[in-house]
>>> print(open('entry.txt').read())   # compact mmCIF, C-alpha atoms and all ligand atoms
# COMPACT_ATOMS: atom_id res chain seq x y z
CA MET A 1 7.25 38.29 5.36
CA SER A 2 6.65 34.96 3.61
CA VAL A 3 5.67 34.80 -0.04
CA LEU A 4 2.62 32.87 1.18
CA ASP A 5 1.27 36.06 2.78
CA LEU A 6 0.44 37.08 -0.80
CA ALA A 7 -1.72 33.97 -1.29
CA ARG A 8 -5.42 33.56 -0.51
CA ALA A 9 -5.90 32.90 3.22
CA ASP A 10 -8.72 30.40 2.52
CA ILE A 11 -6.45 28.35 0.25
CA ARG A 12 -3.70 28.36 2.88
CA ALA A 13 -6.24 27.08 5.43
CA LEU A 14 -7.86 24.52 3.11
CA THR A 15 -7.75 20.82 3.99
CA PRO A 16 -6.76 19.29 0.67
CA TYR A 17 -8.24 16.15 -0.81
CA SER A 18 -6.16 13.17 0.18
CA SER A 19 -6.13 10.54 -2.53
CA ALA A 20 -5.60 6.83 -1.98
CA ARG A 21 -2.35 6.95 -3.95
CA MET A 22 -1.02 9.71 -1.69
CA GLU A 23 -1.84 7.81 1.51
CA ALA A 24 -0.52 4.43 0.37
CA SER A 25 3.12 3.58 0.75
CA GLY A 26 4.45 0.39 -0.78
CA GLY A 27 2.29 -2.71 -0.52
CA ARG A 28 1.84 -5.59 -2.90
CA VAL A 29 -1.91 -6.17 -2.74
CA LEU A 30 -3.58 -2.87 -3.57
CA LEU A 31 -7.15 -2.82 -2.29
CA ASN A 32 -7.32 0.84 -1.27
CA ALA A 33 -8.43 2.82 -4.33
CA ASN A 34 -11.43 0.97 -5.76
CA GLU A 35 -9.48 0.31 -8.93
CA SER A 36 -10.07 -2.66 -11.16
CA PRO A 37 -7.68 -5.45 -10.13
CA TRP A 38 -7.09 -6.29 -13.83
CA SER A 39 -5.21 -4.48 -16.56
CA PRO A 40 -7.56 -3.23 -19.29
CA ALA A 41 -8.12 -5.01 -22.59
CA ALA A 42 -4.82 -5.83 -24.28
CA GLN A 43 -4.53 -2.83 -26.62
CA ALA A 44 -5.40 -0.28 -23.94
CA GLY A 45 -2.15 -0.56 -21.98
CA GLU A 46 -0.70 -2.74 -19.24
CA GLY A 47 -1.06 -1.28 -15.76
CA LEU A 48 -3.57 1.41 -16.66
CA ASN A 49 -6.06 -0.05 -14.16
CA ARG A 50 -4.07 1.78 -11.44
CA TYR A 51 -4.31 5.49 -10.66
CA PRO A 52 -1.05 7.23 -11.54
CA ASP A 53 1.31 8.78 -9.04
CA PRO A 54 0.11 12.40 -8.52
CA GLN A 55 3.69 13.77 -8.87
CA PRO A 56 5.92 10.91 -10.09
CA LEU A 57 9.30 11.12 -8.38
CA ALA A 58 11.28 9.77 -11.34
CA LEU A 59 9.91 12.54 -13.55
CA LEU A 60 10.37 15.21 -10.87
CA LYS A 61 14.00 14.17 -10.45
CA ARG A 62 14.72 14.25 -14.17
CA LEU A 63 13.06 17.65 -14.57
CA ALA A 64 14.96 18.96 -11.53
CA VAL A 65 18.26 18.05 -13.20
CA LEU A 66 17.13 19.51 -16.54
CA TYR A 67 16.10 22.83 -15.00
CA GLY A 68 18.76 23.03 -12.26
CA VAL A 69 16.43 23.17 -9.24
CA ALA A 70 15.56 20.85 -6.33
CA PRO A 71 12.67 18.37 -6.83
CA ASP A 72 10.58 20.18 -4.16
CA GLN A 73 10.83 23.41 -6.21
CA LEU A 74 8.90 21.83 -9.04
CA LEU A 75 5.25 21.15 -9.86
CA VAL A 76 4.28 19.11 -12.92
CA GLY A 77 0.85 19.58 -14.42
CA ARG A 78 -1.21 19.34 -17.57
CA GLY A 79 0.76 21.85 -19.56
CA SER A 80 1.98 25.16 -18.21
CA ASP A 81 -1.60 26.29 -18.84
CA GLU A 82 -2.60 24.35 -15.72
CA ALA A 83 0.16 26.02 -13.68
CA ILE A 84 -1.07 29.46 -14.81
CA ASP A 85 -4.59 28.53 -13.70
CA LEU A 86 -3.39 27.21 -10.31
CA LEU A 87 -1.35 30.34 -9.63
CA VAL A 88 -4.28 32.62 -10.36
CA ARG A 89 -6.62 30.54 -8.21
CA ALA A 90 -4.21 30.36 -5.28
CA PHE A 91 -3.21 34.03 -5.24
CA CYS A 92 -6.21 36.02 -6.51
CA ARG A 93 -9.45 36.50 -4.58
CA ALA A 94 -12.43 36.77 -6.92
CA GLY A 95 -13.70 40.33 -7.23
CA GLU A 96 -10.77 41.77 -5.24
CA ASP A 97 -7.35 40.91 -6.60
CA ALA A 98 -5.70 41.45 -9.97
CA ILE A 99 -2.97 40.27 -12.31
CA LEU A 100 -0.69 42.56 -14.32
CA ILE A 101 0.30 41.72 -17.90
CA SER A 102 2.13 43.45 -20.77
CA PRO A 103 0.23 43.18 -24.04
CA PRO A 104 0.67 41.99 -26.67
CA THR A 105 1.30 38.72 -24.87
CA PHE A 106 0.07 35.15 -24.37
CA GLY A 107 -3.72 35.06 -24.00
CA MET A 108 -4.06 32.47 -21.23
CA TYR A 109 -3.04 34.82 -18.40
CA ALA A 110 -6.08 37.04 -18.97
CA VAL A 111 -8.38 34.07 -19.57
CA ALA A 112 -7.32 32.35 -16.33
CA ALA A 113 -7.87 35.64 -14.49
CA ALA A 114 -11.32 36.10 -16.04
CA ILE A 115 -12.34 32.58 -15.03
CA GLN A 116 -11.25 33.27 -11.46
CA GLY A 117 -12.94 36.68 -11.38
CA ALA A 118 -9.64 38.54 -11.01
CA GLN A 119 -9.08 41.87 -12.70
CA VAL A 120 -6.49 42.22 -15.49
CA LEU A 121 -4.30 45.34 -15.46
CA HIS A 122 -2.25 46.23 -18.54
CA ALA A 123 1.21 47.80 -18.86
CA PRO A 124 1.78 47.58 -22.65
CA LEU A 125 5.16 46.67 -24.12
CA ALA A 126 7.12 49.53 -25.70
CA GLU A 127 6.73 50.19 -29.43
CA ASP A 128 9.65 47.86 -30.23
CA PHE A 129 8.01 45.23 -27.95
CA SER A 130 10.72 45.51 -25.32
CA LEU A 131 9.45 45.30 -21.76
CA ASP A 132 9.26 48.72 -20.15
CA ALA A 133 10.10 47.87 -16.53
CA ASP A 134 9.29 51.39 -15.31
CA ALA A 135 5.84 51.32 -16.94
CA LEU A 136 5.23 47.85 -15.54
CA LEU A 137 6.11 48.86 -11.99
CA ALA A 138 4.16 52.12 -12.30
CA ALA A 139 1.03 50.11 -13.17
CA LEU A 140 1.29 48.08 -9.97
CA THR A 141 -1.55 48.54 -7.45
CA PRO A 142 -2.10 46.86 -4.06
CA ALA A 143 -4.66 44.57 -5.75
CA VAL A 144 -2.03 43.04 -8.05
CA LYS A 145 -0.92 39.63 -6.73
CA LEU A 146 0.68 38.21 -9.89
CA VAL A 147 2.81 39.90 -12.56
CA PHE A 148 3.22 37.82 -15.73
CA VAL A 149 6.25 38.33 -17.99
CA CYS A 150 6.65 36.13 -21.07
CA THR A 151 10.19 35.75 -22.47
CA PRO A 152 10.69 35.12 -25.34
CA ASN A 153 7.30 36.77 -25.69
CA ASN A 154 4.47 35.14 -27.60
CA PRO A 155 3.48 36.52 -30.14
CA SER A 156 6.17 39.21 -30.61
CA GLY A 157 9.20 36.90 -30.18
CA ASN A 158 11.46 39.25 -28.19
CA LEU A 159 13.48 38.44 -25.08
CA VAL A 160 13.44 40.22 -21.75
CA PRO A 161 17.06 40.44 -20.51
CA LEU A 162 17.80 38.80 -17.17
CA PRO A 163 18.93 42.06 -15.45
CA VAL A 164 15.54 43.61 -16.29
CA LEU A 165 13.76 40.60 -14.78
CA GLU A 166 15.89 40.83 -11.67
CA ARG A 167 15.14 44.54 -11.31
CA ILE A 168 11.41 43.80 -11.50
CA ALA A 169 11.75 40.94 -9.02
CA THR A 170 13.54 43.18 -6.55
CA ALA A 171 10.85 45.86 -6.84
CA LEU A 172 8.03 43.31 -6.38
CA ARG A 173 9.34 41.78 -3.15
CA GLY A 174 6.56 41.70 -0.55
CA ARG A 175 4.07 43.04 -3.11
CA ALA A 176 3.41 40.45 -5.82
CA LEU A 177 4.66 37.18 -7.27
CA LEU A 178 6.64 37.54 -10.53
CA VAL A 179 5.71 34.73 -12.97
CA ILE A 180 8.19 34.37 -15.83
CA ASP A 181 6.90 32.27 -18.72
CA GLU A 182 9.78 30.57 -20.53
CA ALA A 183 7.81 28.35 -22.91
CA TYR A 184 10.32 29.17 -25.71
CA VAL A 185 13.56 29.73 -23.80
CA GLU A 186 15.21 26.63 -25.33
CA PHE A 187 15.27 28.43 -28.70
CA THR A 188 17.54 31.21 -27.36
CA ASP A 189 21.05 31.48 -25.95
CA ALA A 190 19.65 33.37 -22.97
CA PRO A 191 20.10 31.88 -19.50
CA SER A 192 16.91 30.73 -17.76
CA ALA A 193 15.46 33.08 -15.17
CA SER A 194 15.38 30.08 -12.81
CA VAL A 195 18.71 31.42 -11.47
CA LEU A 196 16.58 34.09 -9.74
CA LEU A 197 14.84 31.46 -7.59
CA ALA A 198 17.83 31.19 -5.27
CA ARG A 199 17.56 34.88 -4.34
CA HIS A 200 13.81 35.55 -4.64
CA ASP A 201 11.11 33.33 -3.11
CA HIS A 202 8.45 35.39 -4.91
CA VAL A 203 9.65 34.44 -8.42
CA ALA A 204 8.09 31.55 -10.34
CA VAL A 205 9.19 30.22 -13.74
CA LEU A 206 6.96 28.36 -16.20
CA ARG A 207 8.54 25.70 -18.42
CA THR A 208 6.93 23.24 -20.79
CA LEU A 209 7.75 20.10 -22.74
CA SER A 210 5.21 21.18 -25.40
CA LYS A 211 7.49 23.19 -27.65
CA ALA A 212 11.21 22.27 -27.59
CA TYR A 213 10.55 18.67 -26.50
CA ALA A 214 7.81 18.05 -29.08
CA LEU A 215 5.27 16.85 -26.48
CA ALA A 216 2.32 19.22 -26.93
CA GLY A 217 0.04 16.18 -27.17
CA ALA A 218 1.20 14.75 -23.83
CA ARG A 219 0.38 17.96 -21.88
CA VAL A 220 3.36 18.22 -19.55
CA GLY A 221 4.12 21.64 -18.10
CA VAL A 222 6.27 22.61 -15.16
CA LEU A 223 6.30 25.35 -12.58
CA LEU A 224 9.56 26.18 -10.81
CA ALA A 225 9.11 28.13 -7.59
CA ALA A 226 10.00 28.29 -3.91
CA ASN A 227 9.14 25.02 -2.15
CA GLU A 228 6.39 26.67 -0.07
CA VAL A 229 4.68 27.96 -3.23
CA ILE A 230 4.89 24.48 -4.76
CA ALA A 231 3.48 22.93 -1.58
CA LEU A 232 0.59 25.42 -1.63
CA LEU A 233 -0.29 24.67 -5.27
CA ARG A 234 -0.11 20.93 -4.66
CA ARG A 235 -2.98 21.40 -2.23
CA ILE A 236 -5.29 22.57 -5.02
CA LEU A 237 -3.90 20.44 -7.84
CA ALA A 238 -6.26 17.84 -9.32
CA PRO A 239 -5.77 14.48 -7.52
CA TYR A 240 -4.17 12.68 -10.49
CA PRO A 241 -3.23 15.32 -13.07
CA LEU A 242 -0.73 13.34 -15.12
CA PRO A 243 -1.95 10.38 -17.19
CA ALA A 244 0.45 7.41 -17.07
CA GLY A 245 1.03 7.61 -20.84
CA SER A 246 2.11 11.25 -20.58
CA VAL A 247 4.56 10.46 -17.79
CA ALA A 248 6.09 7.64 -19.85
CA ALA A 249 6.33 9.92 -22.89
CA ALA A 250 8.01 12.65 -20.82
CA LEU A 251 10.55 10.21 -19.34
CA ALA A 252 11.40 8.94 -22.82
CA ALA A 253 11.75 12.48 -24.20
CA LEU A 254 14.09 13.31 -21.31
CA SER A 255 16.32 10.26 -21.71
CA PRO A 256 19.88 11.07 -22.85
CA ASP A 257 18.92 10.12 -26.43
CA GLY A 258 15.71 12.13 -26.23
CA ILE A 259 17.55 15.21 -25.02
CA ALA A 260 20.24 14.83 -27.71
CA GLN A 261 17.54 14.62 -30.38
CA ALA A 262 15.72 17.67 -29.00
CA ARG A 263 18.99 19.66 -29.02
CA ALA A 264 19.72 18.75 -32.64
CA ARG A 265 16.20 19.74 -33.68
CA ILE A 266 16.37 23.03 -31.79
CA ALA A 267 19.61 23.84 -33.65
CA LEU A 268 18.01 23.01 -37.02
CA LEU A 269 14.93 25.02 -36.15
CA ARG A 270 17.00 28.08 -35.25
CA GLU A 271 18.88 27.81 -38.56
CA GLN A 272 15.59 27.52 -40.42
CA ARG A 273 14.19 30.50 -38.53
CA GLU A 274 16.99 32.75 -39.81
CA TRP A 275 16.81 31.30 -43.33
CA LEU A 276 13.06 31.81 -43.42
CA ARG A 277 13.40 35.37 -42.11
CA GLU A 278 15.74 36.26 -45.00
CA ARG A 279 13.53 34.65 -47.65
CA LEU A 280 10.40 36.35 -46.29
CA LEU A 281 12.10 39.75 -46.37
CA GLU A 282 12.71 39.28 -50.11
CA LEU A 283 8.96 39.16 -50.78
CA PRO A 284 7.29 42.40 -51.92
CA ASP A 285 4.24 41.69 -49.70
CA VAL A 286 6.34 41.56 -46.53
CA ASN A 287 7.01 44.84 -44.75
CA ALA A 288 9.02 43.51 -41.81
CA VAL A 289 9.87 40.41 -39.81
CA LEU A 290 10.14 41.02 -36.08
CA PRO A 291 13.31 39.74 -34.38
CA SER A 292 12.50 36.40 -32.77
CA ALA A 293 14.21 34.33 -30.10
CA ALA A 294 11.45 31.69 -30.31
CA ASN A 295 10.33 29.00 -32.78
CA PHE A 296 8.09 31.37 -34.71
CA LEU A 297 8.30 34.58 -36.71
CA CYS A 298 5.92 37.48 -36.43
CA VAL A 299 5.64 39.00 -39.92
CA ARG A 300 4.26 42.40 -40.99
CA TRP A 301 2.42 42.31 -44.35
CA ARG A 302 1.20 44.87 -46.80
CA ASP A 303 -2.12 43.02 -46.56
CA PRO A 304 -2.27 40.31 -43.88
CA ALA A 305 -5.73 39.08 -44.96
CA VAL A 306 -4.50 38.42 -48.50
CA ALA A 307 -1.37 36.66 -47.23
CA TYR A 308 -3.46 34.53 -44.87
CA ALA A 309 -5.89 33.54 -47.63
CA THR A 310 -3.07 32.81 -50.10
CA LEU A 311 -1.43 30.47 -47.61
CA LEU A 312 -4.67 28.80 -46.60
CA HIS A 313 -5.50 28.21 -50.27
CA ALA A 314 -2.19 26.32 -50.54
CA GLY A 315 -3.03 24.32 -47.40
CA VAL A 316 -0.65 26.26 -45.15
CA VAL A 317 -2.20 27.45 -41.87
CA VAL A 318 -0.57 30.29 -39.94
CA ARG A 319 -1.84 32.31 -36.97
CA ASP A 320 -3.71 35.56 -37.48
CA VAL A 321 -2.51 37.84 -34.68
CA THR A 322 -3.96 41.08 -36.09
CA ARG A 323 -6.19 41.50 -33.01
CA TYR A 324 -3.13 41.96 -30.76
CA ARG A 325 -1.97 45.40 -29.74
CA GLY A 326 0.64 46.77 -32.18
CA LEU A 327 0.33 43.75 -34.48
CA SER A 328 -2.64 44.72 -36.67
CA ASP A 329 -0.67 43.84 -39.85
CA CYS A 330 0.91 40.62 -38.52
CA LEU A 331 0.68 36.91 -39.02
CA ARG A 332 2.61 34.57 -36.74
CA ILE A 333 4.36 31.73 -38.53
CA SER A 334 5.67 28.69 -36.62
CA VAL A 335 8.97 27.48 -38.07
CA GLY A 336 8.39 24.01 -39.52
CA THR A 337 10.56 21.35 -41.10
CA PRO A 338 12.73 22.55 -44.03
CA GLU A 339 10.16 21.00 -46.37
CA GLU A 340 7.24 22.78 -44.68
CA ASN A 341 9.09 26.09 -44.74
CA ARG A 342 9.76 25.67 -48.47
CA ALA A 343 6.04 24.95 -49.00
CA LEU A 344 5.18 28.19 -47.22
CA LEU A 345 7.59 30.19 -49.38
CA SER A 346 6.48 28.55 -52.65
CA ALA A 347 2.87 29.48 -51.91
CA LEU A 348 3.85 33.12 -51.32
CA GLN A 349 6.19 33.25 -54.33
CA ALA A 350 3.53 31.75 -56.61
CA ARG A 351 1.29 34.67 -55.71
CA VAL A 352 4.04 37.17 -56.57
CA GLU A 353 4.55 35.51 -59.98
CA ALA A 354 0.79 35.43 -60.68
CA ALA A 355 0.45 39.14 -59.89
C1 LIG A 401 2.52 27.40 -25.80
C2 LIG A 401 2.62 28.31 -24.63
C3 LIG A 401 2.34 27.86 -23.33
C4 LIG A 401 1.53 26.64 -23.08
O1 LIG A 401 2.25 25.56 -22.91
P1 LIG A 401 1.57 24.19 -22.44
O2 LIG A 401 2.63 23.65 -21.57
O3 LIG A 401 1.36 23.42 -23.69
O4 LIG A 401 0.29 24.45 -21.72
C5 LIG A 401 2.62 28.68 -22.25
N1 LIG A 401 3.08 29.92 -22.44
C6 LIG A 401 3.30 30.39 -23.68
C7 LIG A 401 3.80 31.77 -23.83
C8 LIG A 401 3.05 29.62 -24.80
O5 LIG A 401 3.21 30.14 -26.02
>>> encode(input="entry.txt", output="structure tokens")
Amino acid sequence: MSVLDLARADIRALTPYSSARMEASGGRVLLNANESPWSPAAQAGEGLNRYPDPQPLALLKRLAVLYGVAPDQLLVGRGSDEAIDLLVRAFCRAGEDAILISPPTFGMYAVAAAIQGAQVLHAPLAEDFSLDADALLAALTPAVKLVFVCTPNNPSGNLVPLPVLERIATALRGRALLVIDEAYVEFTDAPSASVLLARHDHVAVLRTLSKAYALAGARVGVLLAANEVIALLRRILAPYPLPAGSVAAALAALSPDGIAQARARIALLREQREWLRERLLELPDVNAVLPSAANFLCVRWRDPAVAYATLLHAGVVVRDVTRYRGLSDCLRISVGTPEENRALLSALQARVEAA
């Protein structure tokens, strides 16, 4: 059985759009894409009159080295959000198929499924937010085509150990694609689940330059998967998903200097995360800080609404996650610069002193 047997038959049979940039090879005089022959006005950017490469090879190659896969095992899109959307569209038939998620978790999986008309089945995380592999596999039905696991999990911050992921992958063979979202994996010491790709063609891993590489504004997300899954998704990918400016920004961020800077900042951020955790635990309003392997802390408060308002009053915006299962007393706090973290603490301490 091929992993593609899990995908929608109509997508497998689809004749994809063939863009001018895909058909052209080389050439000096480009009269094939109805572009303007002139660069735009000076400030706009040299060369932007041309459509960008749909999947720029230089970027694919650099990402392949970074993530330890072959370039044909990689799809680059507008954030990992786009990869989530493409997976749901390629694998789930509207009104028939389903995805399986473990709440509390990242909201986009359920939103992408709702847009596609796919059902969302839930196998909640355990009380300590660890992933209960038995509960997850017990919730599987024949309708489930995609199982999403987020590690470190947003918003709870916990990791799913690699042996647990491998156990799930083994159980899902021939039944569903396992999608492992590693948006925050750079903030941990854990190995990437991309090592599973060599043994399982039905495992896909989501990576992003938005968090650890500071490029949320450029919208560059990556899917690592078997080459036939990548080839399938390329058929339904927008013709020119990556703006030229985003590709240039990604290449710069992934230069040796860019990577060295990202590593230094990740180390600082992890130090700050632990420092912030200790300071928060000293506050009388804080009941607990969940263990976090990511760049944020999920904090339990005596009164989350009061804490939120206190911070907002001081100009500090955090995320209210009280609507998530098991987190009704929680706010999620992204770890900032040392100065920003001190501002957060001063605002909370000022409230304690005023009380
Ligand atoms: C931030 C986040 C993403 C989205 O990343 P983009 O590449 O910016 O689209 C994906 N998954 C999780 C769990 C996230 O928290």
>>> atom_distance(input="entry.txt", atom1="CA of Glu278 in chain A", atom2="CA of Arg351 in chain A")
18.1 Å
>>> closest_residue(input="entry.txt", among="A:Gly107, A:Pro56, A:Pro16, A:Gly79", to="ligand LIG 401 (chain A)", atoms="only C-alpha atoms and all ligand atoms")
A:Gly79
>>> residues_near_ligand(input="entry.txt", ligand="ligand LIG 401 (chain A)", cutoff="12 Å", atoms="all atoms listed in the file", output="mmCIF file with C-alpha atoms, in the coordinates of the input")
data_model
loop_
_atom_site.group_PDB
_atom_site.id
_atom_site.type_symbol
_atom_site.label_atom_id
_atom_site.label_comp_id
_atom_site.auth_asym_id
_atom_site.auth_seq_id
_atom_site.Cartn_x
_atom_site.Cartn_y
_atom_site.Cartn_z
ATOM 1 C CA VAL A 76 4.280 19.110 -12.920
ATOM 2 C CA GLY A 77 0.850 19.580 -14.420
ATOM 3 C CA ARG A 78 -1.210 19.340 -17.570
ATOM 4 C CA GLY A 79 0.760 21.850 -19.560
ATOM 5 C CA SER A 80 1.980 25.160 -18.210
ATOM 6 C CA ASP A 81 -1.600 26.290 -18.840
ATOM 7 C CA GLU A 82 -2.600 24.350 -15.720
ATOM 8 C CA ALA A 83 0.160 26.020 -13.680
ATOM 9 C CA ILE A 84 -1.070 29.460 -14.810
ATOM 10 C CA ASP A 85 -4.590 28.530 -13.700
ATOM 11 C CA PRO A 103 0.230 43.180 -24.040
ATOM 12 C CA PRO A 104 0.670 41.990 -26.670
ATOM 13 C CA THR A 105 1.300 38.720 -24.870
ATOM 14 C CA PHE A 106 0.070 35.150 -24.370
ATOM 15 C CA GLY A 107 -3.720 35.060 -24.000
ATOM 16 C CA MET A 108 -4.060 32.470 -21.230
ATOM 17 C CA TYR A 109 -3.040 34.820 -18.400
ATOM 18 C CA PHE A 148 3.220 37.820 -15.730
ATOM 19 C CA VAL A 149 6.250 38.330 -17.990
ATOM 20 C CA CYS A 150 6.650 36.130 -21.070
ATOM 21 C CA THR A 151 10.190 35.750 -22.470
ATOM 22 C CA PRO A 152 10.690 35.120 -25.340
ATOM 23 C CA ASN A 153 7.300 36.770 -25.690
ATOM 24 C CA ASN A 154 4.470 35.140 -27.600
ATOM 25 C CA PRO A 155 3.480 36.520 -30.140
ATOM 26 C CA SER A 156 6.170 39.210 -30.610
ATOM 27 C CA GLY A 157 9.200 36.900 -30.180
ATOM 28 C CA ASN A 158 11.460 39.250 -28.190
ATOM 29 C CA LEU A 159 13.480 38.440 -25.080
ATOM 30 C CA VAL A 179 5.710 34.730 -12.970
ATOM 31 C CA ILE A 180 8.190 34.370 -15.830
ATOM 32 C CA ASP A 181 6.900 32.270 -18.720
ATOM 33 C CA GLU A 182 9.780 30.570 -20.530
ATOM 34 C CA ALA A 183 7.810 28.350 -22.910
ATOM 35 C CA TYR A 184 10.320 29.170 -25.710
ATOM 36 C CA VAL A 185 13.560 29.730 -23.800
ATOM 37 C CA VAL A 205 9.190 30.220 -13.740
ATOM 38 C CA LEU A 206 6.960 28.360 -16.200
ATOM 39 C CA ARG A 207 8.540 25.700 -18.420
ATOM 40 C CA THR A 208 6.930 23.240 -20.790
ATOM 41 C CA LEU A 209 7.750 20.100 -22.740
ATOM 42 C CA SER A 210 5.210 21.180 -25.400
ATOM 43 C CA LYS A 211 7.490 23.190 -27.650
ATOM 44 C CA ALA A 212 11.210 22.270 -27.590
ATOM 45 C CA TYR A 213 10.550 18.670 -26.500
ATOM 46 C CA ALA A 214 7.810 18.050 -29.080
ATOM 47 C CA LEU A 215 5.270 16.850 -26.480
ATOM 48 C CA ALA A 216 2.320 19.220 -26.930
ATOM 49 C CA GLY A 217 0.040 16.180 -27.170
ATOM 50 C CA ALA A 218 1.200 14.750 -23.830
ATOM 51 C CA ARG A 219 0.380 17.960 -21.880
ATOM 52 C CA VAL A 220 3.360 18.220 -19.550
ATOM 53 C CA GLY A 221 4.120 21.640 -18.100
ATOM 54 C CA VAL A 222 6.270 22.610 -15.160
ATOM 55 C CA LEU A 223 6.300 25.350 -12.580
ATOM 56 C CA ALA A 294 11.450 31.690 -30.310
ATOM 57 C CA ASN A 295 10.330 29.000 -32.780
ATOM 58 C CA PHE A 296 8.090 31.370 -34.710
ATOM 59 C CA ARG A 332 2.610 34.570 -36.740
ATOM 60 C CA SER A 334 5.670 28.690 -36.620
#
>>> atom_distance(input="entry.txt", atom1="CA of Asp97 in chain A", atom2="CA of Gln119 in chain A")
6.4 Å
>>> atom_distance(input="entry.txt", atom1="CA of Ala98 in chain A", atom2="CA of Leu327 in chain A")
25.3 Å
>>> residues_near_point(input="entry.txt", point="(-8.3, 3.3, -8.6)", cutoff="12 Å", atoms="all atoms listed in the file", output="JSON list (two decimals) with C-alpha atoms, in the coordinates of the input")
[["chain", "number", "residue", "atom", "x", "y", "z"],
["A", 19, "SER", "CA", -6.13, 10.54, -2.53],
["A", 20, "ALA", "CA", -5.60, 6.83, -1.98],
["A", 21, "ARG", "CA", -2.35, 6.95, -3.95],
["A", 22, "MET", "CA", -1.02, 9.71, -1.69],
["A", 24, "ALA", "CA", -0.52, 4.43, 0.37],
["A", 30, "LEU", "CA", -3.58, -2.87, -3.57],
["A", 31, "LEU", "CA", -7.15, -2.82, -2.29],
["A", 32, "ASN", "CA", -7.32, 0.84, -1.27],
["A", 33, "ALA", "CA", -8.43, 2.82, -4.33],
["A", 34, "ASN", "CA", -11.43, 0.97, -5.76],
["A", 35, "GLU", "CA", -9.48, 0.31, -8.93],
["A", 36, "SER", "CA", -10.07, -2.66, -11.16],
["A", 37, "PRO", "CA", -7.68, -5.45, -10.13],
["A", 38, "TRP", "CA", -7.09, -6.29, -13.83],
["A", 39, "SER", "CA", -5.21, -4.48, -16.56],
["A", 47, "GLY", "CA", -1.06, -1.28, -15.76],
["A", 48, "LEU", "CA", -3.57, 1.41, -16.66],
["A", 49, "ASN", "CA", -6.06, -0.05, -14.16],
["A", 50, "ARG", "CA", -4.07, 1.78, -11.44],
["A", 51, "TYR", "CA", -4.31, 5.49, -10.66],
["A", 52, "PRO", "CA", -1.05, 7.23, -11.54],
["A", 53, "ASP", "CA", 1.31, 8.78, -9.04],
["A", 239, "PRO", "CA", -5.77, 14.48, -7.52],
["A", 240, "TYR", "CA", -4.17, 12.68, -10.49]]
>>> residues_around(input="entry.txt", residues="Arg270 in chain A", least_positions_apart="3", cutoff="9 Å", atoms="all atoms listed in the file", output="PyMOL selection string")
chain A and resi 187-188+265-267+273-275+293-295+335
>>> residues_around(input="entry.txt", residues="Ala347 in chain A", least_positions_apart="5", cutoff="9 Å", atoms="only C-alpha atoms", output="PyMOL selection string")
chain A and resi 310-311+313-314+316+342
>>> closest_residue(input="entry.txt", among="A:Arg235, A:Leu57, A:Ala309, A:Ser102", to="Ala13 in chain A", atoms="only C-alpha atoms")
A:Arg235
>>> axis_aligned_box(input="entry.txt", around="range 220-231 of chain A", padding_each_side="8 Å", output="JSON")
{"center_x": 6.7, "center_y": 23.3, "center_z": -9.8, "size_x": 22.6, "size_y": 26.1, "size_z": 35.5}
>>> residues_around(input="entry.txt", residues="Arg300 in chain A", least_positions_apart="4", cutoff="6 Å", atoms="all atoms listed in the file", output="list of chain:residue names")
A:Val286, A:Asn287, A:Ala288, A:Asp329, A:Cys330
>>> residues_around(input="entry.txt", residues="Arg175 in chain A", least_positions_apart="3", cutoff="10 Å", atoms="all atoms listed in the file", output="PyMOL selection string")
chain A and resi 3+5-6+140-146+169+171-172+178+202
>>> closest_residue(input="entry.txt", among="A:Val289, A:Leu254, A:Leu224, A:Ile333", to="Gly68 in chain A", atoms="all atoms listed in the file")
A:Leu224
>>> closest_residue(input="entry.txt", among="A:Thr337, A:Gln55, A:Ser246, A:Gln261", to="Leu75 in chain A", atoms="all atoms listed in the file")
A:Gln55
>>> closest_residue(input="entry.txt", among="A:Leu297, A:Ser194, A:Arg302, A:Arg199", to="Arg319 in chain A", atoms="all atoms listed in the file")
A:Leu297
